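S.K.: data-v6.json is reproduced in full below (JSON, C-alpha atoms).
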[["chain", "number", "residue", "atom", "x", "y", "z"],
["P", 97, "MET", "CA", 209.75, -27.64, 173.87],
["P", 98, "GLU", "CA", 208.18, -29.87, 171.21],
["P", 99, "GLU", "CA", 207.40, -29.01, 167.63],
["P", 100, "LYS", "CA", 206.92, -31.30, 164.65],
["P", 101, "ILE", "CA", 209.55, -31.04, 161.93],
["P", 102, "GLY", "CA", 209.81, -33.43, 159.03],
["P", 103, "GLY", "CA", 207.61, -35.96, 160.83],
["P", 104, "ARG", "CA", 209.85, -35.99, 163.92],
["P", 105, "PRO", "CA", 209.41, -33.93, 167.07],
["P", 106, "HIS", "CA", 212.06, -31.36, 167.98],
["P", 107, "ARG", "CA", 212.65, -31.68, 171.69],
["P", 108, "VAL", "CA", 215.37, -30.37, 173.99],
["P", 109, "MET", "CA", 215.62, -31.95, 177.44],
["P", 110, "MET", "CA", 218.25, -30.92, 179.97],
["P", 111, "GLU", "CA", 218.92, -32.51, 183.34],
["P", 112, "ASP", "CA", 220.91, -30.56, 185.97],
["P", 113, "ARG", "CA", 222.77, -28.60, 183.25],
["P", 114, "GLY", "CA", 224.90, -31.72, 182.81],
["P", 115, "LYS", "CA", 223.03, -33.96, 180.38],
["P", 116, "ILE", "CA", 221.23, -32.72, 177.28],
["P", 117, "SER", "CA", 219.10, -34.89, 174.98],
["P", 118, "ILE", "CA", 217.91, -33.40, 171.70],
["P", 119, "THR", "CA", 215.69, -34.86, 168.99],
["P", 120, "GLY", "CA", 214.83, -33.46, 165.58],
["P", 121, "ILE", "CA", 218.35, -32.58, 164.46],
["P", 122, "ALA", "CA", 219.34, -32.69, 160.78],
["P", 123, "ASP", "CA", 223.13, -32.41, 161.10],
["P", 124, "VAL", "CA", 226.04, -31.67, 163.41],
["P", 125, "VAL", "CA", 227.76, -28.53, 162.14],
["P", 126, "SER", "CA", 230.67, -28.60, 164.61],
["P", 127, "PHE", "CA", 231.59, -29.65, 168.11],
["P", 128, "ASP", "CA", 234.40, -29.37, 170.62],
["P", 129, "GLU", "CA", 234.66, -29.32, 174.41],
["P", 130, "ASN", "CA", 233.31, -25.74, 174.62],
["P", 131, "GLN", "CA", 230.63, -25.60, 171.91],
["P", 132, "VAL", "CA", 228.29, -27.84, 169.92],
["P", 133, "VAL", "CA", 226.46, -26.45, 166.87],
["P", 134, "LEU", "CA", 223.48, -28.42, 165.53],
["P", 135, "ASP", "CA", 221.35, -27.86, 162.43],
["P", 136, "THR", "CA", 217.62, -28.19, 163.05],
["P", 137, "ASP", "CA", 214.61, -27.14, 160.96],
["P", 138, "LYS", "CA", 214.02, -24.46, 163.59],
["P", 139, "GLY", "CA", 217.48, -22.96, 163.09],
["P", 140, "LEU", "CA", 221.03, -23.57, 164.21],
["P", 141, "LEU", "CA", 221.19, -24.55, 167.87],
["P", 142, "THR", "CA", 224.44, -23.54, 169.57],
["P", 143, "ILE", "CA", 225.21, -25.07, 172.95],
["P", 144, "LYS", "CA", 228.07, -23.48, 174.87],
["P", 145, "GLY", "CA", 229.62, -24.82, 178.03],
["P", 146, "ARG", "CA", 232.58, -26.68, 179.52],
["P", 147, "ASP", "CA", 233.76, -30.25, 179.04],
["P", 148, "LEU", "CA", 231.04, -30.92, 176.44],
["P", 149, "CYS", "CA", 231.09, -34.45, 175.04],
["P", 150, "VAL", "CA", 228.79, -36.03, 172.46],
["P", 151, "SER", "CA", 227.94, -39.32, 174.15],
["P", 152, "ARG", "CA", 225.41, -40.54, 171.54],
["P", 153, "LEU", "CA", 224.68, -39.44, 167.98],
["P", 154, "THR", "CA", 222.07, -41.06, 165.74],
["P", 155, "LEU", "CA", 221.58, -38.89, 162.65],
["P", 156, "ASP", "CA", 219.19, -41.44, 161.09],
["P", 157, "LYS", "CA", 216.78, -40.77, 163.95],
["P", 158, "GLY", "CA", 217.89, -37.14, 164.43],
["P", 159, "GLU", "CA", 218.97, -37.66, 168.05],
["P", 160, "ILE", "CA", 221.96, -36.58, 170.11],
["P", 161, "ASP", "CA", 222.99, -36.78, 173.77],
["P", 162, "ILE", "CA", 225.54, -34.32, 175.15],
["P", 163, "ASP", "CA", 227.24, -34.51, 178.55],
["P", 164, "GLY", "CA", 229.12, -31.68, 180.27],
["P", 165, "GLN", "CA", 228.38, -28.34, 181.93],
["P", 166, "ALA", "CA", 225.92, -26.36, 179.75],
["P", 167, "GLU", "CA", 226.10, -22.58, 180.02],
["P", 168, "SER", "CA", 223.83, -21.47, 177.15],
["P", 169, "LEU", "CA", 221.55, -22.76, 174.38],
["P", 170, "VAL", "CA", 220.86, -20.31, 171.54],
["P", 171, "TYR", "CA", 218.93, -20.62, 168.27],
["P", 172, "SER", "CA", 219.97, -18.64, 165.19],
["P", 173, "SER", "CA", 219.25, -18.66, 161.45],
["P", 174, "ASN", "CA", 220.58, -21.65, 159.52],
["P", 175, "GLU", "CA", 220.15, -20.17, 156.02],
["P", 176, "ALA", "CA", 223.88, -19.66, 155.35],
["P", 177, "PHE", "CA", 224.68, -23.18, 156.52],
["P", 178, "ARG", "CA", 221.93, -24.71, 154.39],
["P", 179, "LYS", "CA", 223.19, -22.85, 151.31],
["P", 180, "SER", "CA", 226.68, -24.34, 151.71],
["P", 181, "GLY", "CA", 225.08, -27.77, 151.24],
["P", 182, "GLU", "CA", 227.91, -29.69, 152.86],
["P", 183, "SER", "CA", 227.36, -31.63, 156.06],
["P", 184, "PHE", "CA", 229.80, -31.86, 158.95],
["P", 185, "LEU", "CA", 230.45, -35.54, 158.26],
["P", 186, "ALA", "CA", 231.16, -34.82, 154.58],
["P", 187, "ARG", "CA", 233.67, -32.13, 155.59],
["P", 188, "LEU", "CA", 235.19, -34.47, 158.18],
["P", 189, "PHE", "CA", 235.89, -37.30, 155.71],
["P", 190, "LYS", "CA", 237.39, -35.21, 152.87]]
Would you give me this structure, written as structure tokens?
M.R.:
Amino acid sequence: MEEKIGGRPHRVMMEDRGKISITGIADVVSFDENQVVLDTDKGLLTIKGRDLCVSRLTLDKGEIDIDGQAESLVYSSNEAFRKSGESFLARLFK
């Protein structure tokens, strides 16, 4: 899956349901061991699974690597999140 957003490609690559590499992300909305929610220009991407761990995050480049057992990847509207205007990192460091 590859689509241009903001000059960067949005790509999701998964290997053996255990390693996921994603490009073209704008922000990390939330994450824990069972769910990672990412903001992309194509919508919110929710990854559900077990033992999920963010092994690499580079927001400047819009890239993330996630390890663990993936069970589902779902896109949904990100309009409500965008209207809140507050990033995950801003909420984290309040």
S.K.: Of the residues P:Leu169, P:Val132, P:Ile162, P:Leu153, which is the one nearest to Ser117 (chain P), using only C-alpha atoms?
M.R.: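 Ranking P:Leu169, P:Val132, P:Ile162, P:Leu153 by distance to Ser117 (chain P), first place goes to P:Ile162.
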S.K.: Measure the distance from CA of Lys115 (chain P) to CA of Asp137 (chain P) in Å and round it to one decimal.
M.R.: 22.2 Å
S.K.: Measuring between only C-alpha atoms, which one of P:Met110, P:Leu140, P:Glu175, P:Gly120 shows the shortest distance to Asp156 (chain P)?
M.R.: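 Looking only at the distances to Asp156 (chain P), the closest residue turns out to be P:Gly120.
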S.K.: What's the separation between CA of Ala122 (chain P) and CA of Gln165 (chain P), in Å to one decimal place?
M.R.: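 Taking CA of Ala122 (chain P) as the start and CA of Gln165 (chain P) as the end point, the length is 23.4 Å.
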S.K.: What does the distance from CA of Asn174 (chain P) to CA of Ile160 (chain P) come to in Å, to one decimal?
M.R.: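 According to the coordinates, CA of Asn174 (chain P) and CA of Ile160 (chain P) are separated by 18.4 Å.
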S.K.: So that I can see what lies close to Leu148 (chain P), please list as a list of chain:residue names the residues with an atom at most 9 Å from it, counting all atoms listed in the file and leaving out residues fewer than 3 positions away in the same chain.
M.R.: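 In the requested format, the answer is P:Gly114, P:Phe127, P:Asp128, P:Glu129, P:Asn130, P:Gln131, P:Val132, P:Ile143, P:Lys144, P:Gly145, P:Ile162, P:Asp163, P:Gly164, P:Gln165, P:Ala166.
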S.K.: Please identify all polymer residues within 10 Å of Asp161 (chain P), counting all atoms listed in the file, omitting same-chain residues fewer than 6 positions from it, and present them as a count of residues only.
M.R.: 14
S.K.: Looking at all atoms listed in the file, which of P:Leu134, P:Ile121, P:Ser173, P:Arg107 is the one that sits closest to Glu159 (chain P)?
M.R.: P:Ile121
S.K.: Find the residue from P:Val133, P:Lys157, P:Ser126, P:Arg146 that sits nearest to Pro105 (chain P); use all atoms listed in the file when measuring.
M.R.: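 Nearest candidate to Pro105 (chain P) out of P:Val133, P:Lys157, P:Ser126, P:Arg146: P:Lys157.
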S.K.: Please determine an axis-aligned box that encloses all atoms of region 107-125 of chain P listed in the file, with 5 Å added on each side, and express its centre and edge lengths in Å to one decimal as JSON.
M.R.:
{"center_x": 220.2, "center_y": -31.7, "center_z": 173.4, "size_x": 25.1, "size_y": 16.4, "size_z": 35.2}
